[in-house]
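The next block holds one structure in the form of structure tokens; read it before the comments.
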Amino acid sequence: MRFNMKKLFVLVSLLMLVAIIAQAQFKKSPKHYSVAFYNLENLFDTIHDTGKNDYEYLPSAAKEWNTEKYFSKLNNLSRVLSELSRDKVKQGPAVIGVAEIENRRVLDDLVAQPLLAPSKYEIVHYEGPDKRGVDCALLYDPAQYKVSSSKLVLSEPFEGDTTHQTRGFLIVNGKLAGDKMCFIVNHWPSRGAAEPVRIHAAKQVRALVDSLERTDKKLKIIVMGDMNDDPMDKSMLALGAKKYPNEVGKGDMYSPFWEVLEDKGVGTLLYRGKWNLFDQILVNPNMLNSKKGLKYNDNEVFMREYLFEQEGKYKGSPLRTHAGNKWLNGYSDHLPTIIYLKK
């Protein structure tokens, strides 16, 4: 009997030791998070907003934008958002920056879609000054990211040009995995404006980042948005973009999608047979050099077969909502981008 009790004691001791080792290894293993950006391409409802030039997206307009088409677009977009990064990060993005949304109402309708509702995303949105009414916004999972403050910083027009004015800079502060993290969501002026207009926007964002870093030297900052420029363009250089992590110093930002476009030929929108990558996510040095907490790990342009035209003249292009006034029942003319973080 004593022999069996000794064997039992040894067995229990071994099991406890294995459990302790396993727990220690689990604590040491990195936890992964994701952050995404998606230009939703003219997510308008069917109701006129006073003071906004949204007439193109009314039932009486040439596009015949109606309730059926609107809710079909919401369903399509919710499919994309509900799938972002899920194959790598089970809980999905902690934060999703979005552009080209008309108002708070369309965001409420979007996060309420059956495919997206289980994620319980909450919204940060401010009505901006854009003449068409399109704004930026931030969707966030409150179980992952705890928002502490937010504001919309209005942009200064370039040499008095209010026609091609940036749609404001959405700044959101909070905590992700215990780290203080700030997001700046952008939508810079289109290519219809001259390059100096976007360089001017970049300098304003650079000033915002510098101010935030002076206030908190350990703050982790992510700048995201549709910049309407590629990662190697002059506006991005004015922001401090660097192609490789080892080039990033004080006053710089790491631009992971620079290598994606320039070396791999992968973009987020196709124009006249050429890929561009306007939908960018950049991180400040604290996201690379931090000895503890969250660090940048990887990136991805989200590409699934259903997001592309499958036949015809524009085969291989992102499947958008309209071609001219013809309804294609697609998603967006842009593809989403994702970065992965680990702790």
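To be explicit about the labels: the chains of the structure tokens are called A, B, and onward in the order shown, and within each one the residues are counted from 1, while ligands get numbers from 1 in the order they are shown.
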
> Mind checking DSSP for range 23-74 of chain A and telling me the alpha helix (DSSP H) residues as a list in words?
Replying inline: Gln23, Ala24, Gln25, Phe26, Lys27, Lys28, Thr67, Glu68, Lys69, Tyr70, Phe71, Ser72, Lys73 and Leu74 of chain A

Skipping near chain neighbours, those fewer than 6 positions away, what residues fall within 12 Å of Lys264 in chain A using only C-alpha atoms, listed as a tab-separated table (two decimals) with N, CA and C atoms, in the first residue's frame?
chain	number	residue	atom	x	y	z
A	256	PRO	N	5.07	49.79	-43.67
A	256	PRO	CA	5.23	48.40	-44.09
A	256	PRO	C	4.71	48.10	-45.50
A	257	PHE	N	3.77	48.92	-45.99
A	257	PHE	CA	3.19	48.64	-47.30
A	257	PHE	C	4.03	49.22	-48.45
A	258	TRP	N	5.09	49.95	-48.12
A	258	TRP	CA	6.02	50.43	-49.15
A	258	TRP	C	6.66	49.24	-49.86
A	275	TRP	N	-1.35	49.02	-60.40
A	275	TRP	CA	-1.73	48.95	-59.00
A	275	TRP	C	-1.14	50.12	-58.22
A	276	ASN	N	-1.99	50.73	-57.41
A	276	ASN	CA	-1.57	51.72	-56.42
A	276	ASN	C	-1.86	51.16	-55.04
A	277	LEU	N	-1.20	51.73	-54.04
A	277	LEU	CA	-1.49	51.34	-52.66
A	277	LEU	C	-1.67	52.61	-51.84
A	300	GLU	N	-0.72	42.78	-44.23
A	300	GLU	CA	-1.44	42.05	-45.27
A	300	GLU	C	-2.36	42.99	-46.04
A	301	VAL	N	-2.38	42.83	-47.36
A	301	VAL	CA	-3.48	43.38	-48.16
A	301	VAL	C	-4.52	42.27	-48.22

Per residue of range 122-234 of chain A within 6 Å of range 84-95 of chain A, note the shortest atom pair and the distance in Å to one decimal, counting only C-alpha atoms, and order the rows by chain and increasing residue number, as a Markdown table.
| residue | atom | partner | partner_atom | distance |
| --- | --- | --- | --- | --- |
| A:Leu139 | CA | A:Val95 | CA | 5.7 |
| A:Tyr140 | CA | A:Val95 | CA | 4.4 |
| A:Asp141 | CA | A:Ala94 | CA | 5.2 |
| A:Gln144 | CA | A:Ala94 | CA | 5.5 |
| A:Tyr145 | CA | A:Ala94 | CA | 6.0 |

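Take the candidates A:Cys182, A:Val260, A:Val248, A:Met232 and check each one against Asp216 in chain A using only C-alpha atoms; the shortest distance goes to A:Cys182.
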
> From the list A:Ala143, A:Leu335, A:Leu176, A:Val197, which residue is nearest Met303 in chain A when using only C-alpha atoms?
Replying inline: A:Leu335

> Neighbours of range 311-326 of chain A within 8 Å (only C-alpha atoms; same-chain residues fewer than 5 positions away dropped), as a list in words?
Replying inline: Glu41, Ala62, Lys63, Lys73, Leu269, Leu270, Tyr306, Tyr331, Ser332, Asp333, His334 and Leu335 of chain A

> Hey, what does DSSP flag as strand (DSSP E or B) within range 46-277 of chain A? Can you give it to me as a ChimeraX atom specification?
Replying inline: /A:95-101,122-125,135-140,145-153,158,161,169-176,179-187,220-226,241-242,253-254,269-271,274-276

> What's the 8 Å shell around range 286-292 of chain A, counting only C-alpha atoms, without same-chain residues fewer than 3 positions away, as a VMD selection string?
Replying inline: chain A and resid 218 to 221 245 283 295 to 296 343

Write the residues of the selection above to a file with N, CA and C atoms, as a CSV table (one decimal), in the first residue's frame.
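Dumped to again.csv:
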chain,number,residue,atom,x,y,z
A,218,LYS,N,6.4,57.6,-24.6
A,218,LYS,CA,6.2,56.2,-24.8
A,218,LYS,C,4.9,55.8,-25.6
A,219,LEU,N,4.2,56.8,-26.0
A,219,LEU,CA,2.9,56.6,-26.7
A,219,LEU,C,3.2,55.8,-28.1
A,220,LYS,N,2.3,54.8,-28.3
A,220,LYS,CA,2.4,54.1,-29.6
A,220,LYS,C,1.3,54.7,-30.5
A,221,ILE,N,1.7,55.0,-31.7
A,221,ILE,CA,0.9,55.8,-32.6
A,221,ILE,C,0.8,55.0,-33.9
A,245,PRO,N,12.3,48.8,-41.3
A,245,PRO,CA,12.4,49.2,-39.8
A,245,PRO,C,13.7,49.7,-39.4
A,283,VAL,N,3.3,53.0,-38.5
A,283,VAL,CA,3.5,53.0,-37.1
A,283,VAL,C,4.7,53.8,-36.7
A,295,LYS,N,4.2,45.2,-30.2
A,295,LYS,CA,5.1,45.6,-31.2
A,295,LYS,C,4.5,45.2,-32.6
A,296,TYR,N,4.9,45.9,-33.6
A,296,TYR,CA,4.5,45.6,-35.0
A,296,TYR,C,5.1,44.2,-35.3
A,343,LYS,N,2.3,40.8,-28.6
A,343,LYS,CA,2.7,41.2,-27.2
A,343,LYS,C,3.4,40.0,-26.6

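Among the candidates A:Leu294, A:Ala238, A:Cys136, A:Met253, the one nearest to Met181 in chain A when counting only C-alpha atoms is A:Leu294.
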
Could the residues of range 216-277 of chain A that have an atom at most 10 Å from range 203-206 of chain A be listed as JSON lines, each with its closest atom pair and the distance in Å to one decimal, counting only C-alpha atoms and ordered by chain and ascending residue number?
{"residue": "A:Val223", "atom": "CA", "partner": "A:Val205", "partner_atom": "CA", "distance": 8.5}
{"residue": "A:Ser235", "atom": "CA", "partner": "A:Lys203", "partner_atom": "CA", "distance": 8.0}
{"residue": "A:Met236", "atom": "CA", "partner": "A:Lys203", "partner_atom": "CA", "distance": 9.2}
{"residue": "A:Leu237", "atom": "CA", "partner": "A:Lys203", "partner_atom": "CA", "distance": 9.6}
{"residue": "A:Ala238", "atom": "CA", "partner": "A:Lys203", "partner_atom": "CA", "distance": 6.1}
{"residue": "A:Leu239", "atom": "CA", "partner": "A:Arg206", "partner_atom": "CA", "distance": 5.2}
{"residue": "A:Gly240", "atom": "CA", "partner": "A:Arg206", "partner_atom": "CA", "distance": 7.5}
{"residue": "A:Gly251", "atom": "CA", "partner": "A:Arg206", "partner_atom": "CA", "distance": 8.2}
{"residue": "A:Asp252", "atom": "CA", "partner": "A:Arg206", "partner_atom": "CA", "distance": 9.0}
{"residue": "A:Met253", "atom": "CA", "partner": "A:Arg206", "partner_atom": "CA", "distance": 9.5}

Go ahead and write the selection's residues with C-alpha atoms as a PDB file, in the first residue's frame.
ATOM      1  CA  VAL A 223      -1.526  56.509 -38.698  1.00  0.00           C
ATOM      2  CA  SER A 235       3.655  63.356 -49.250  1.00  0.00           C
ATOM      3  CA  MET A 236       4.558  60.154 -47.412  1.00  0.00           C
ATOM      4  CA  LEU A 237       8.195  61.212 -47.192  1.00  0.00           C
ATOM      5  CA  ALA A 238       6.977  64.477 -45.623  1.00  0.00           C
ATOM      6  CA  LEU A 239       5.195  62.346 -43.014  1.00  0.00           C
ATOM      7  CA  GLY A 240       8.511  60.645 -42.289  1.00  0.00           C
ATOM      8  CA  GLY A 251      10.609  61.845 -36.359  1.00  0.00           C
ATOM      9  CA  ASP A 252      10.033  58.895 -38.716  1.00  0.00           C
ATOM     10  CA  MET A 253       7.334  56.288 -39.237  1.00  0.00           C
TER      11      MET A 253
END
